[in-house]
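K.L.:
Next up is a structure, given as C-alpha cells.
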Amino acid sequence: MRASRGMGAISPSKMPGAKKKARRDDTDFAQYAEGGETKNWIAGAIKKPGALRKQLGAKEGQPIPAKKLAKAASAPGKLGQRARLAQTLKGMK
C-alpha cells in the first residue's frame, strides 16, 4: 500500500487489514476493503446546529446576511470553519 499524499509514510498499526487470497496460478495477493465516499457527509459535518447563528448574533428564522457571513469566513478558528461550511452549503442549491 502506498503512503498517503503529503502525510508521509503510514505507520503499520494504521494500515487496513487485508484478506489473503490465492489464484490458480499460485500467486497470492492481499485484497483490501473497498473505500468510497460517505452518503451523508453534510449531516456528519454539522456537529452543532445553530452554533454559527449564535456566534454571529443573527436572529433565528431569518437568513444570515452575506456580508456578515463573508467576514466570519475570514476569521480563524471554529467561527471561520463554520462560516466557510455555511458558504459551501449555500452554493449547493
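Residues in the C-alpha cells are named by chain (A, B, ... in the order shown) and by number from 1 within that chain; ligands are numbered from 1 in the order shown.
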Skip range 30-32 of chain A itself and residues of its chain fewer than 6 positions away, then list as a ChimeraX atom specification all residues within 9 Å of it, counting only C-alpha atoms.

P.N.:
/A:16-22

K.L.:
Can you check which residues of chain A DSSP gives as strand (DSSP E) on the backbone and send them as a PyMOL selection string?

P.N.:
chain A and resi 18-22+28-32

K.L.:
Counting only C-alpha atoms, what is within 10 Å of Gln87 in chain A, bar same-chain residues fewer than 4 positions away, as a list of chain:residue names?

P.N.:
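The residues satisfying every condition are A:Ala66, A:Leu69, A:Ala70, A:Ala73, A:Gln81, A:Arg82, A:Ala83, A:Gly91, A:Met92.
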
K.L.:
Please write the residues from the selection above to a file, keeping N, CA and C atoms, as a short mmCIF file (atom, residue, chain, number, x, y, z; two decimals), in the first residue's frame.

P.N.:
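What ended up in selection.cif:
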```cif
data_model
loop_
_atom_site.label_atom_id
_atom_site.label_comp_id
_atom_site.auth_asym_id
_atom_site.auth_seq_id
_atom_site.Cartn_x
_atom_site.Cartn_y
_atom_site.Cartn_z
N ALA A 66 -25.14 38.07 3.94
CA ALA A 66 -23.97 37.59 3.20
C ALA A 66 -22.69 38.30 3.63
N LEU A 69 -21.54 36.87 6.91
CA LEU A 69 -21.02 35.52 6.69
C LEU A 69 -19.63 35.57 6.05
N ALA A 70 -19.42 36.48 5.09
CA ALA A 70 -18.12 36.62 4.42
C ALA A 70 -17.05 37.09 5.41
N ALA A 73 -16.14 34.22 7.62
CA ALA A 73 -15.41 33.16 6.91
C ALA A 73 -13.91 33.43 6.92
N GLN A 81 -14.40 28.24 10.40
CA GLN A 81 -14.74 26.93 9.84
C GLN A 81 -16.24 26.82 9.59
N ARG A 82 -17.01 27.22 10.58
CA ARG A 82 -18.47 27.14 10.44
C ARG A 82 -18.98 28.04 9.33
N ALA A 83 -18.41 29.25 9.24
CA ALA A 83 -18.85 30.19 8.22
C ALA A 83 -18.48 29.69 6.82
N GLY A 91 -24.00 27.45 -1.57
CA GLY A 91 -23.82 27.33 -3.01
C GLY A 91 -24.27 25.99 -3.58
N MET A 92 -24.77 25.09 -2.76
CA MET A 92 -25.15 23.75 -3.22
C MET A 92 -26.62 23.64 -3.60
#
```

K.L.:
Give me, please, the distance in Å between CA of Ile64 in chain A and CA of Thr38 in chain A, quoted to one decimal.

P.N.:
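It comes out at 28.3 Å.
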
K.L.:
Extract, using only C-alpha atoms, all DNA, RNA and protein residues at most 9 Å from range 46-59 of chain A, discarding same-chain residues fewer than 4 positions from it, and format them as a list in words.

P.N.:
Trp41, Ile42, Pro63, Ile64, Pro65, Lys68, Leu69, Ala72, Lys78, Leu79, Arg82, Ala83, Leu85 and Ala86 of chain A

K.L.:
CA of Arg84 in chain A and CA of Lys67 in chain A, how far apart in Å?

P.N.:
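If I compute the distance from CA of Lys67 in chain A to CA of Arg84 in chain A, I get 12.7 Å.
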
K.L.:
Hey, which of A:Ala43, A:Pro76, A:Ala33, A:Lys71 ends up closest to Leu89 in chain A? Count only C-alpha atoms.

P.N.:
A:Ala43

K.L.:
From a backbone DSSP assignment, name each residue in chain A labelled alpha helix (DSSP H), as a PyMOL selection string.

P.N.:
chain A and resi 41-45+51-56+66-73+77-90

K.L.:
Filtering to C-alpha atoms, could you give me those residues as a short mmCIF file (atom, residue, chain, number, x, y, z; two decimals), in the first residue's frame?

P.N.:
```cif
data_model
loop_
_atom_site.label_atom_id
_atom_site.label_comp_id
_atom_site.auth_asym_id
_atom_site.auth_seq_id
_atom_site.Cartn_x
_atom_site.Cartn_y
_atom_site.Cartn_z
CA TRP A 41 -21.30 13.84 4.76
CA ILE A 42 -23.27 17.02 5.40
CA ALA A 43 -25.06 15.51 8.40
CA GLY A 44 -21.70 14.41 9.80
CA ALA A 45 -20.11 17.83 9.17
CA ALA A 51 -23.85 27.42 16.69
CA LEU A 52 -22.84 29.77 13.84
CA ARG A 53 -26.06 31.74 14.20
CA LYS A 54 -25.49 32.05 17.95
CA GLN A 55 -21.85 33.16 17.49
CA LEU A 56 -22.81 35.79 14.92
CA ALA A 66 -23.97 37.59 3.20
CA LYS A 67 -21.58 40.36 4.33
CA LYS A 68 -21.62 39.07 7.90
CA LEU A 69 -21.02 35.52 6.69
CA ALA A 70 -18.12 36.62 4.42
CA LYS A 71 -16.46 38.50 7.28
CA ALA A 72 -16.83 35.50 9.60
CA ALA A 73 -15.41 33.16 6.91
CA GLY A 77 -10.84 29.00 14.44
CA LYS A 78 -14.27 27.42 14.75
CA LEU A 79 -16.13 30.56 13.72
CA GLY A 80 -14.27 30.66 10.41
CA GLN A 81 -14.74 26.93 9.84
CA ARG A 82 -18.47 27.14 10.44
CA ALA A 83 -18.85 30.19 8.22
CA ARG A 84 -16.90 28.59 5.36
CA LEU A 85 -19.02 25.46 5.60
CA ALA A 86 -22.15 27.62 5.54
CA GLN A 87 -20.91 29.35 2.38
CA THR A 88 -20.22 25.97 0.77
CA LEU A 89 -23.66 24.66 1.64
CA LYS A 90 -25.27 27.90 0.46
#
```

K.L.:
What is the CA of Glu34 in chain A-CA of Met15 in chain A distance in Å, reported with one decimal?

P.N.:
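CA of Met15 in chain A lies at a distance of 13.9 Å from CA of Glu34 in chain A.
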